[in-house]
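**Q** Once you've had a glance at the structure underneath, I'll fire off some questions.
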Amino acid sequence: MRVGVVTFPGSLDDRDAQRAVRLAGGEPVALWHGDHDLKGVEAIILPGGFSYGDYLRAGAIASFSPIMADVVDAANAGMPVLGICNGFQMLAEARLVPGAHTRNAHQQFIRRDQRLVVENARTDWTNGFTEGQEITIPLKNADGRFIADAETVKRIEGEGQVAFRYVGVNPNGSMDDIAGVTNARGNVVGLMPHPEHAVEEGFGPDTPAAMSSGVDGLTFFTSVLERALAK
Amino acid sequence: MTDQTDRAPHDAEMIDVRPEGHVPDTVANAAATPDREQPYGALGLKSDEYEKIREILGRRPTSGELAMYSVMWSEHCSYKSSKIYLRQFGQKVSPAMKKNLMVGMGENAGVVDVGGGWAVTFKVESHNHPSYIEPFQGAATGVGGIVRDIISMGARPVAVMDQLRFGDIDAADTARVVDGVVGGISFYANCLGLPNIGGETYFDAVYQGNPLVNALAVGVLRHEDLHLANARGVGNKVVLFGARTGGDGIGGASILASDTFSSGGPTKRPAVQVGDPFAEKVLIECCLELFRDELVEGIQDLGAAGISCATSELASNGDGGMFIELDNVLLRDPSLTAEEILMSESQERMMAVVRPEKLDAFLAVVAKWDVETSVLGEVTDTGRLVINWHGEEIVNVEPRTVAVDGPVYERPVAYPSWIDALQADGASSLPRPTGNAVLREQFLELLGSPNLADKSWVTNQYDTYVLGNTALSFPDDGGMIRVDEETGLGFAIATDANGRYCQLDPKQGARLALAEAYRNVAVTGAVPAAVTDCLNFGSPEDPEVMWQFSQAVEGLADGCLELEIPVTGGNVSFYNQTGTSPIHPTPVVGVLGVIDDVAKRIPSGWQDEGDNIYLLGTTALELDGSAWAGVVHDHLGGRPPAVDLAAEARLAQLLHAGGDQSLIAAAHDLSDGGLAQALAEAVLRFGVGARVWLGEVLERDGIDVATALFSESTGRVIVSVPREDDVRFRGLCEGRGYPVARIGVTDAESGTLEVQDVFTVSIDELRSTHRGTLPARFGATIGE
C-alpha cells in the first residue's frame with residue numbers, strides 16, 4: 001500500500017512518518033506541498049513540525065498549500081488521512097476535522113510520554129486498537145490546546161468523534177482532555193501526540209518492560225494498511 | 001531625514017545631492033585623505049593594530065575596510081590572545097589520533113570517520129554575552145549559529161545540546177535569564193527539528209553577571225558529501241542566500257557611522273541578533289539539496305562579522321581573489337550603510353560559490369524552498385578582495401590579512417597571587433559526619449541542591465524524539481544517536497566542565513573535565529573518538545586569567561594526547577567577567593564516541609530486579625572542591641581529585657567490552673556528589689530501588705562512610721550486572737586489572753534505596769527531594 005507523507009516548508013517529522021509507514025509494512029511516498037500530485041497514494045499523512053514557522057496560526061498557512069486542495073478532495077472521497085500535531089492543526093484549519101488549537105495553557109513547549117485512552121476504535125487509523133485501550137505516545141507541542149464551541153464539543157462527544165483522550169495529565173489544557181478527533185466518516189483522524197515516535201523498539205517511550213521500548217504507535221499505521229487489505 | 005531607499009547607480013550629481021554623511025568612503029578617497037581621523041578605538045582596535053592596518057594597505061583604510069578589519073581582528077574572530085596556545089591541539093598528536101580525523105581544527109567544524117562510509121561533524125560554541133543582554137534571542141541564535149557551521153560541512157544536523165551556567169539560583173535576576181535562555185533554545189531547536197540530547201545546567205554566583213550559554217551541534221554525512229568552504233575557480237559566482245540583511249548585531253558599525261558620517265547620529269540598533277528558526281530549517285533542507293545535486297563548490301555560513309567574515313574567509317581558503325558588488329545584497333532595511341552591511345550579523349544567511357553553468361539549477365533549488373538569493377560577485381585571480389558600492393571601490397584588501405593573518409598576542413601571564421592560599425585551604429579541615437542521621441540529612445541536602453537536582457524543568461521543554469534516531473538522552477550520562485538505520489551504527493556525546501575544580505587548579509580542572517566527558521561516553525558503551533571544547537574565561541588582558549587559560553589548554557592538550565583522541569575544533573570565549581571579577585575558568589569539554597550498534601547501548605539506571613551492583617575503581621579522601629564541600633559547607637579550597645587517564649582508558653575499554661557482550665544492564669558515572677548521588681540517580685532513572693553495603697569498600701580503601709558516599713575520586717562507575725552474567729563480568733574486570741567491588745543488589749520491590757547500617761530513603765522521598773528544587777524557583781515543571 002502506498003502511503004503519502006506531505007512535506008511542507010518547516011515540516012519536521014516527515015521522514016519519521018515515512019519510517020513508520022515502512023515499519024508497518026507499507027510503501028511511503030514523499031509528497032511535496034507545492035504540487036497538485038498525490039502520486040497515486042491510497043492514504044495520506046500530514047506530518048508534525050512547524051510549517052511556516054507557525055506564523056499567523058499553527059497550520060493556517062500550510063492549509064492553503066496547493067496540495068491541500070487535492071488532500072481535501074481525496075478525504076471527502078473517503079481516502080484515509082492522518083494529521084499528526086502540526087498536521088492535526090492543518091486538518092482543523094482545512095475544516096476536515098472539528099475544533100481548533102491555541103497556545104498550550106501553560107504557555108510553554110512540552111515534551112512528554114503521554115498516556116491516552118482510545119475512545120473510537122472504528123476509524124481507518126484506529127481499528128487495530130480496542131475501545132478503552134490505554135496507550136503511550138510521545139507528545140511534543142507548543143500550540144496543542146484543543147478547543148471548540150460548546151455545541152461542537154457536545155456533538156463530537158455524542159457522535160463518537162473524539163478518537164483519543166489524555167489520561168493522567170492533560171498536558172496542554174485541551175477541552176474535555178481531547179487529544180485527537182475524527183471526522184464523521186472515520187477516514188480522517190487528527191491527534192496532537194506523535195504515533196510515528198512509538199513504532200520502533202529502542203526509540204519509543206519507556207515502558208515498564210524496558211527503556212524506549214514502546215511501540216503503541218505502530219497500530220495507527222497497521223490499522224490503515226490492514227483495512228485497505230480487507231477491502 | 002534622507003531617503004536612502006533609492007539604489008540607483010551612483011553618479012557625480014547624485015553624490016552632490018546626498019548629505020555629506022552618506023558619501024561612501026572610497027579607496028581613492030582614502031588615498032587622497034591620509035590624515036582623516038578614524039574611530040578605530042571605538043571599534044575595539046588598538047592604536048598599534050590600526051597602524052598595522054595602514055602598513056598592510058600602504059594607506060589609511062576606508063571606513064568599510066576599517067569595519068572589516070575591526071570585526072575580523074576582534075578577539076572573537078581572530079583568536080589573537082589564544083592562538084599561540086591553541087596550536088598545541090594541532091601539535092600534540094599521535095598517528096592514532098589522525099587515523100580517523102577527516103577534518104581537523106580551523107574549518108567550520110571537525111569531521112570524524114565513524115566507519116561504514118559515514119562521518120560525524122561536531123562543534124561547541126559560546127553565545128555568552130548576547131544571552132545575558134537578551135536571554136531568549138541570545139540563546140536561540142546561539143543554536144542557529146552552530147547549526148549553520150555543521151551545514152556548511154555538507155552534513156545534516158542531527159542533534160544539539162547546550163551547556164548552561166547561570167548565577168545563584170536564588171538571586172533575583174536568575175529566573176529571568178533561565179526562563180529566557182531555556183525558552184530561546186526550546187523555541188529555536190524544536191522548530192528546527194533537532195533533538196536536544198543532553199547538556200549541562202549549573203548555578204553558581206560567579207556567573208551572575210555573565211552567564212555561559214554554550215551550544216553544541218552534531219551532523220552526519222557520507223564521506224563523499226564532505227565539503228569545505230572555499231572560493232576556488234576563477235569566474236565562479238559568489239551568491240548570498242537565506243534571510244535578508246538587516247541592522248542586527250552591528251553595534252560597532254553604528255559607532256563607526258556616528259563618528260565618521262552622520263552629524264545627526266544614527267538610529268541605535270540592537271546589538272543582539274534575532275533568530276528565525278523557520279528560515280533556518282528551510283535553509284538546512286535547501287543546502288542539503290544543493291549539496292546532493294552538486295550545485296555548489298562550497299558553502300560558508302554567515303555568523304559573527306557577517307559578510308566581512310564570509311568573503312574574506314572564502315577568498316583566503318580559495319584562489320585568493322574575489323570581487324563583490326555590495327549593492328546586490330538584499331536588504332531588510334534599505335537605510336543601511338555599506339559599513340553596516342559588511343558588519344551585519346543578521347541570522348539565517350549563507351554564502352555559496354557556484355559554477356556559472358550551474359547557476360540556473362542553483363537558483364531553481366533555492367526558489368523551490370522560497371529562499372531569497374542574490375549573486376554578489378565572483379571569484380577572481382587578483383589575490384585581492386575588492387568590494388564595490390554604488391560603482392565605487394570601497395574595499396581592496398588582501399583577504400588573508402583580514403581573515404588569517406590577524407594580530408597574534410603573547411599576553412603576559414602571572415601566577416595568581418591568591419592561588420597558593422586557596423590550595424592550602426583544603427576540605428580536610430571540614431567536619432565529616434559520622435552519625436547516620438547527619439549522613440542521611442547531608443545526602444538529601446546534596447540531592448536537592450541546585451546543581452545535583454533534577455533538570456526536567458529545563459529538558460521537558462526540549463524535543464528529544466524528532467528524527468527518530470535518539471537512543472539515549474537526558475538524564476543519561478551521554479546522548480546517543482543512530483547514524484545508520486540498517487546497521488545500527490551510532491555516536492554518543494557528552495560534555496563536562498567543573499569551574500570549581502578549575503579555579504583550584506586550571507590544568508587539573510581541564511583534565512578532569514576531559515576525563516569526565518570521556519567516562520560519560522564510555523558508560524554508554526561507546527568508544528571515545530574525538531574532542532571539541534569551548535573555553536570560557538575572563539579577560540585575557542588580566543595576566544592571572546591568561547595564566548589560567550594557558551594552564552587549562554596545556555592540561556587539555558596533554559590529556560587528549562594521553563587518551564589519544566584529537567581535538568577537532570572548538571571555540572574560545574574571553575571577557576567573561578563582571579567588573580574585574582572573572583568567572584571561574586570554565587573549559588567545557590565535549591567527547592564524541594562511536595558505537596557499532598546502538599541496540600547495545602547501556603542505560604544509566606536500573607531496570608531489573610536482583611541485578612548485582614558493582615563499584616568500579618577505588619575511592620580516596622578527595623573532597624576538595626567537591627559538591628559536598630560547596631553545598632554543605634559553602635567551601636571552595638584545596639586541590640581537585642587526581643586523574644589517571646591511563647586508568648580511564650582501561651575503564652572505557654572494560655565498559656565497551658561489557659556492553660558489547662551485553663553483560664552490563666546499567667552503568668552510571670560517579671562525579672559531582674560522589675557515590676551517594678550516583679546511587680540516587682540510578683534508582684530514580686526507572687524507579688527501581690537497591691540495597692547497598694559499603695563494608696568491603698571502606699575496608700579495602702581505608703576510608704570512612706562520608707568519604708565513601710561523597711568523595712569525588714575519578715575513574716569510578718557503578719554498574720549493574722544480571723546474576724547469570726556475574727562470572728563473566730568479574731572475569732572481564734580481573735582480566736583488565738580494574739578494581740571492582742560488589743556493593744549491592746537492585747530491589748524492585750522495596751521502593752527504597754537502603755545503604756545498610758547507614759540510612760534508608762524511600763524512592764518517593766528521593767524523587768520529591770530531587771525534583772522539587774527547580775520548580776520552587778521557576779514555576780511548575782510542565783506535565784507533572
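Please note that chains go A, B, ... in the order of the C-alpha cells, that every chain numbers its residues from 1, and that ligands are numbered from 1 in the order shown.
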Give me, as a list in words, all polymer residues having an atom no more than 8 Å from A:Val169, counting only C-alpha atoms and skipping those fewer than 3 positions away in the same chain.

**A**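 Near neighbours after the sequence-gap exclusion: Gln114, Arg115 and Tyr166 of chain A; Gly783 and Glu784 of chain B.
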
**Q** Write out as a VMD selection string all residues of stretch 128-320 of chain B that backbone DSSP assigns to strand (DSSP E).

**A** chain B and resid 156 to 166 196 to 203 212 to 222 237 to 242 298 to 301

**Q** So that I have them on file, write out the residues from the current selection with N, CA and C atoms, as a compact mmCIF listing (two decimals), in the first residue's frame.

**A**
# COMPACT_ATOMS: atom_id res chain seq x y z
N ARG B 156 24.08 16.75 7.46
CA ARG B 156 22.75 17.01 8.00
C ARG B 156 22.86 17.11 9.52
N PRO B 157 22.43 18.24 10.09
CA PRO B 157 22.45 18.34 11.56
C PRO B 157 21.49 17.30 12.14
N VAL B 158 21.92 16.61 13.21
CA VAL B 158 21.08 15.55 13.77
C VAL B 158 20.84 15.70 15.28
N ALA B 159 21.56 16.58 15.94
CA ALA B 159 21.33 16.73 17.38
C ALA B 159 21.98 18.01 17.88
N VAL B 160 21.44 18.52 18.98
CA VAL B 160 22.06 19.66 19.66
C VAL B 160 22.11 19.36 21.15
N MET B 161 22.96 20.06 21.86
CA MET B 161 22.93 20.07 23.31
C MET B 161 23.52 21.39 23.80
N ASP B 162 23.17 21.77 25.01
CA ASP B 162 23.56 23.09 25.50
C ASP B 162 24.20 22.99 26.87
N GLN B 163 25.22 23.81 27.07
CA GLN B 163 25.93 23.86 28.34
C GLN B 163 25.64 25.23 28.95
N LEU B 164 24.81 25.22 29.98
CA LEU B 164 24.29 26.47 30.53
C LEU B 164 24.79 26.67 31.95
N ARG B 165 25.32 27.86 32.20
CA ARG B 165 25.76 28.19 33.55
C ARG B 165 25.17 29.54 33.94
N PHE B 166 24.38 29.50 35.01
CA PHE B 166 23.66 30.69 35.46
C PHE B 166 24.18 31.12 36.83
N ASN B 196 17.29 17.55 21.18
CA ASN B 196 18.23 18.04 22.18
C ASN B 196 18.52 16.87 23.10
N ILE B 197 19.76 16.39 23.13
CA ILE B 197 20.02 15.08 23.74
C ILE B 197 20.90 15.14 24.97
N GLY B 198 21.17 16.32 25.49
CA GLY B 198 21.98 16.36 26.70
C GLY B 198 22.44 17.77 27.00
N GLY B 199 23.47 17.87 27.81
CA GLY B 199 23.98 19.19 28.15
C GLY B 199 24.09 19.35 29.65
N GLU B 200 24.29 20.60 30.04
CA GLU B 200 24.52 20.87 31.46
C GLU B 200 23.72 22.09 31.87
N THR B 201 23.22 22.07 33.10
CA THR B 201 22.60 23.25 33.69
C THR B 201 23.21 23.41 35.08
N TYR B 202 23.85 24.54 35.31
CA TYR B 202 24.66 24.72 36.50
C TYR B 202 24.43 26.13 37.05
N PHE B 203 24.43 26.22 38.37
CA PHE B 203 24.21 27.52 39.02
C PHE B 203 25.39 27.84 39.93
N LEU B 212 26.92 31.65 31.14
CA LEU B 212 27.54 30.98 29.99
C LEU B 212 26.46 30.21 29.24
N VAL B 213 26.34 30.51 27.98
CA VAL B 213 25.42 29.76 27.11
C VAL B 213 26.25 29.20 25.97
N ASN B 214 26.60 27.94 26.07
CA ASN B 214 27.36 27.26 25.03
C ASN B 214 26.39 26.34 24.29
N ALA B 215 26.57 26.24 23.01
CA ALA B 215 25.69 25.38 22.20
C ALA B 215 26.53 24.46 21.36
N LEU B 216 26.12 23.21 21.34
CA LEU B 216 26.85 22.19 20.58
C LEU B 216 25.89 21.61 19.54
N ALA B 217 26.42 21.34 18.36
CA ALA B 217 25.61 20.67 17.34
C ALA B 217 26.42 19.55 16.72
N VAL B 218 25.71 18.53 16.29
CA VAL B 218 26.34 17.38 15.64
C VAL B 218 25.65 17.15 14.30
N GLY B 219 26.44 16.81 13.30
CA GLY B 219 25.88 16.49 12.00
C GLY B 219 26.44 15.18 11.48
N VAL B 220 25.75 14.61 10.53
CA VAL B 220 26.13 13.32 9.96
C VAL B 220 26.21 13.46 8.45
N LEU B 221 27.22 12.81 7.87
CA LEU B 221 27.35 12.87 6.42
C LEU B 221 28.04 11.60 5.90
N ARG B 222 27.86 11.34 4.63
CA ARG B 222 28.64 10.31 3.96
C ARG B 222 29.99 10.91 3.61
N LYS B 237 30.62 32.05 -9.37
CA LYS B 237 29.78 33.09 -8.78
C LYS B 237 29.76 32.99 -7.25
N VAL B 238 29.72 34.15 -6.64
CA VAL B 238 29.57 34.22 -5.19
C VAL B 238 28.13 34.66 -4.90
N VAL B 239 27.40 33.79 -4.21
CA VAL B 239 25.97 34.01 -4.06
C VAL B 239 25.60 34.08 -2.58
N LEU B 240 24.82 35.08 -2.23
CA LEU B 240 24.31 35.18 -0.85
C LEU B 240 22.87 34.73 -0.86
N PHE B 241 22.52 33.81 0.06
CA PHE B 241 21.12 33.36 0.10
C PHE B 241 20.66 33.13 1.53
N GLY B 242 19.34 33.11 1.68
CA GLY B 242 18.77 32.99 3.02
C GLY B 242 18.05 34.27 3.39
N GLY B 298 31.15 25.21 -2.67
CA GLY B 298 31.29 25.28 -1.22
C GLY B 298 30.27 26.25 -0.66
N ILE B 299 29.96 26.06 0.62
CA ILE B 299 29.03 26.96 1.29
C ILE B 299 29.66 27.43 2.60
N GLN B 300 29.57 28.71 2.85
CA GLN B 300 30.10 29.27 4.09
C GLN B 300 28.93 29.90 4.84
N ASP B 301 28.86 29.61 6.14
CA ASP B 301 27.79 30.24 6.90
C ASP B 301 28.17 31.65 7.28

**Q** Got a sec: who's within 6 Å of A:Val181, counting only C-alpha atoms, leaving out chain neighbours fewer than 6 positions off, as a PyMOL selection string?

**A** chain A and resi 161-163+189-190

**Q** Would you export the selected residues with C-alpha atoms as a short mmCIF file (atom, residue, chain, number, x, y, z; two decimals), in the first residue's frame, please?

**A**
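Generated file (again17.cif):
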data_model
loop_
_atom_site.label_atom_id
_atom_site.label_comp_id
_atom_site.auth_asym_id
_atom_site.auth_seq_id
_atom_site.Cartn_x
_atom_site.Cartn_y
_atom_site.Cartn_z
CA GLN A 161 -15.83 11.75 17.02
CA VAL A 162 -13.49 12.02 19.98
CA ALA A 163 -10.84 9.50 18.99
CA VAL A 189 -8.10 11.41 12.07
CA GLY A 190 -6.09 14.17 13.73
#

**Q** Can you work out the spacing between atom CA of B:Ser428 and atom CA of B:Gln442 in Å, to one decimal?

**A**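 Atom CA of B:Gln442 lies 16.8 Å from atom CA of B:Ser428.
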
**Q** When the cut-off is 7 Å and we count only C-alpha atoms, which residues of chain A are near chain B, given as a VMD selection string?

**A** chain A and resid 9 to 10 12 to 13 16 50 52 to 53 109 to 112 140 169 171 197 202 to 203

**Q** Residues of the last selection are to be written out with C-alpha atoms, as a PDB file, in the first residue's frame.

**A**
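Full text of result-v5.pdb as output:
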ATOM      1  CA  PRO A   9       8.311  24.106   4.444  1.00  0.00           C
ATOM      2  CA  GLY A  10       9.027  23.596   8.132  1.00  0.00           C
ATOM      3  CA  LEU A  12       9.974  18.180  10.868  1.00  0.00           C
ATOM      4  CA  ASP A  13       8.624  14.691  11.422  1.00  0.00           C
ATOM      5  CA  ASP A  16       9.737   9.814  10.797  1.00  0.00           C
ATOM      6  CA  PHE A  50       6.302  23.967  12.468  1.00  0.00           C
ATOM      7  CA  TYR A  52       5.775  28.187   8.004  1.00  0.00           C
ATOM      8  CA  GLY A  53       7.181  28.681  11.492  1.00  0.00           C
ATOM      9  CA  PHE A 109       6.515  23.896  24.722  1.00  0.00           C
ATOM     10  CA  ILE A 110       6.082  20.472  26.278  1.00  0.00           C
ATOM     11  CA  ARG A 111       7.613  17.095  25.510  1.00  0.00           C
ATOM     12  CA  ARG A 112       6.476  14.039  27.444  1.00  0.00           C
ATOM     13  CA  LYS A 140       5.579  17.498  21.865  1.00  0.00           C
ATOM     14  CA  VAL A 169      -2.131  14.516  32.816  1.00  0.00           C
ATOM     15  CA  PRO A 171      -0.648  18.355  29.060  1.00  0.00           C
ATOM     16  CA  HIS A 197       7.671   8.187  17.515  1.00  0.00           C
ATOM     17  CA  GLY A 202      14.776   1.317  21.234  1.00  0.00           C
ATOM     18  CA  PHE A 203      13.460   4.655  20.027  1.00  0.00           C
TER      19      PHE A 203
END

**Q** List the spatial neighbours of B:Met68 as a ChimeraX atom specification - criterion: any atom at most 7 Å away, only C-alpha atoms, same-chain residues fewer than 5 positions off excluded.

**A** /B:308,342-343

**Q** Interatomic distance between atom CA of A:Arg57 and atom CA of A:Asn141?

**A**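 Those two atoms sit 13.5 Å apart.
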
**Q** Pick out the residues sitting within 9 Å of stretch 405-418 of chain B, and hand them over as a CSV table (one decimal) with N, CA and C atoms, in the first residue's frame; count only C-alpha atoms, and ignore anything fewer than 5 positions along from it in its own chain.

**A**
chain,number,residue,atom,x,y,z
B,49,GLU,N,47.3,48.2,16.3
B,49,GLU,CA,46.6,47.4,15.3
B,49,GLU,C,46.2,48.3,14.1
B,52,LYS,N,49.1,48.9,12.0
B,52,LYS,CA,49.4,47.7,11.3
B,52,LYS,C,48.6,47.7,10.0
B,69,TYR,N,38.3,45.0,9.1
B,69,TYR,CA,39.4,44.6,10.0
B,69,TYR,C,39.0,44.6,11.5
B,72,MET,N,37.0,41.4,12.2
B,72,MET,CA,37.8,40.2,11.9
B,72,MET,C,39.0,40.1,12.9
B,73,TRP,N,39.5,41.2,13.3
B,73,TRP,CA,40.6,41.2,14.2
B,73,TRP,C,40.2,41.3,15.7
B,74,SER,N,38.9,41.2,15.9
B,74,SER,CA,38.4,41.1,17.3
B,74,SER,C,38.8,39.8,17.9
B,78,SER,N,39.4,36.5,15.7
B,78,SER,CA,40.8,36.3,15.3
B,78,SER,C,41.6,35.3,16.3
B,79,TYR,N,41.0,35.1,17.5
B,79,TYR,CA,41.7,34.3,18.5
B,79,TYR,C,43.1,34.8,18.8
B,80,LYS,N,43.2,36.2,18.8
B,80,LYS,CA,44.5,36.7,18.8
B,80,LYS,C,45.3,36.5,20.2
B,81,SER,N,44.5,36.3,21.2
B,81,SER,CA,45.1,36.1,22.5
B,81,SER,C,45.4,34.6,22.8
B,82,SER,N,44.6,33.7,22.1
B,82,SER,CA,44.6,32.3,22.4
B,82,SER,C,45.4,31.5,21.4
B,83,LYS,N,45.6,32.1,20.2
B,83,LYS,CA,46.2,31.3,19.1
B,83,LYS,C,47.5,30.6,19.5
B,84,ILE,N,48.4,31.3,20.2
B,84,ILE,CA,49.7,30.7,20.5
B,84,ILE,C,49.5,29.4,21.4
B,400,ARG,N,43.7,37.4,3.1
B,400,ARG,CA,44.4,36.8,4.2
B,400,ARG,C,44.7,37.7,5.4
B,423,GLN,N,44.7,26.9,47.6
B,423,GLN,CA,45.0,25.4,47.6
B,423,GLN,C,45.4,24.9,48.9
B,540,PRO,N,41.5,38.3,28.8
B,540,PRO,CA,42.9,37.9,28.5
B,540,PRO,C,43.9,39.0,28.9
B,541,GLU,N,43.4,40.2,29.1
B,541,GLU,CA,44.3,41.3,29.5
B,541,GLU,C,44.6,41.2,31.0
B,542,ASP,N,44.0,40.3,31.7
B,542,ASP,CA,44.3,40.1,33.1
B,542,ASP,C,45.4,38.9,33.1
B,543,PRO,N,46.6,39.2,33.5
B,543,PRO,CA,47.7,38.2,33.4
B,543,PRO,C,47.3,36.9,34.2
B,544,GLU,N,46.5,37.0,35.3
B,544,GLU,CA,46.2,35.8,36.0
B,544,GLU,C,45.2,35.0,35.3
B,545,VAL,N,44.3,35.6,34.6
B,545,VAL,CA,43.3,34.9,33.7
B,545,VAL,C,44.1,34.2,32.6
B,546,MET,N,45.0,34.9,32.0
B,546,MET,CA,45.8,34.4,30.9
B,546,MET,C,46.6,33.1,31.4
B,547,TRP,N,47.1,33.2,32.7
B,547,TRP,CA,47.7,32.0,33.2
B,547,TRP,C,46.8,30.9,33.3
B,548,GLN,N,45.6,31.1,33.8
B,548,GLN,CA,44.6,30.1,33.9
B,548,GLN,C,44.3,29.5,32.6
B,550,SER,N,46.3,29.4,29.9
B,550,SER,CA,47.4,28.7,29.4
B,550,SER,C,47.5,27.3,30.1

**Q** Rounded to one decimal in Å, what is the spacing between atom CA of B:Val354 and atom CA of B:Glu289?

**A**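 Value for the atom CA of B:Val354-atom CA of B:Glu289 distance: 13.9 Å.
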
**Q** Extract, using only C-alpha atoms, all DNA, RNA and protein residues at most 12 Å from A:Lys39, discarding same-chain residues fewer than 2 positions from it, and format them as a VMD selection string.

**A** chain A and resid 2 to 6 28 to 32 35 to 37 41 to 44 67 70 to 71

**Q** Determine which residues of stretch 99-236 of chain B DSSP labels as alpha helix (DSSP H) from the backbone of this structure, then write them out as JSON, numbers by chain.

**A** {"B": [99, 128, 129, 130, 131, 132, 133, 135, 136, 137, 138, 139, 140, 141, 142, 143, 144, 145, 146, 147, 148, 149, 150, 151, 152, 174, 175, 176, 177, 178, 179, 180, 181, 182, 183, 184, 185, 186, 187, 188, 189, 190, 191, 192]}
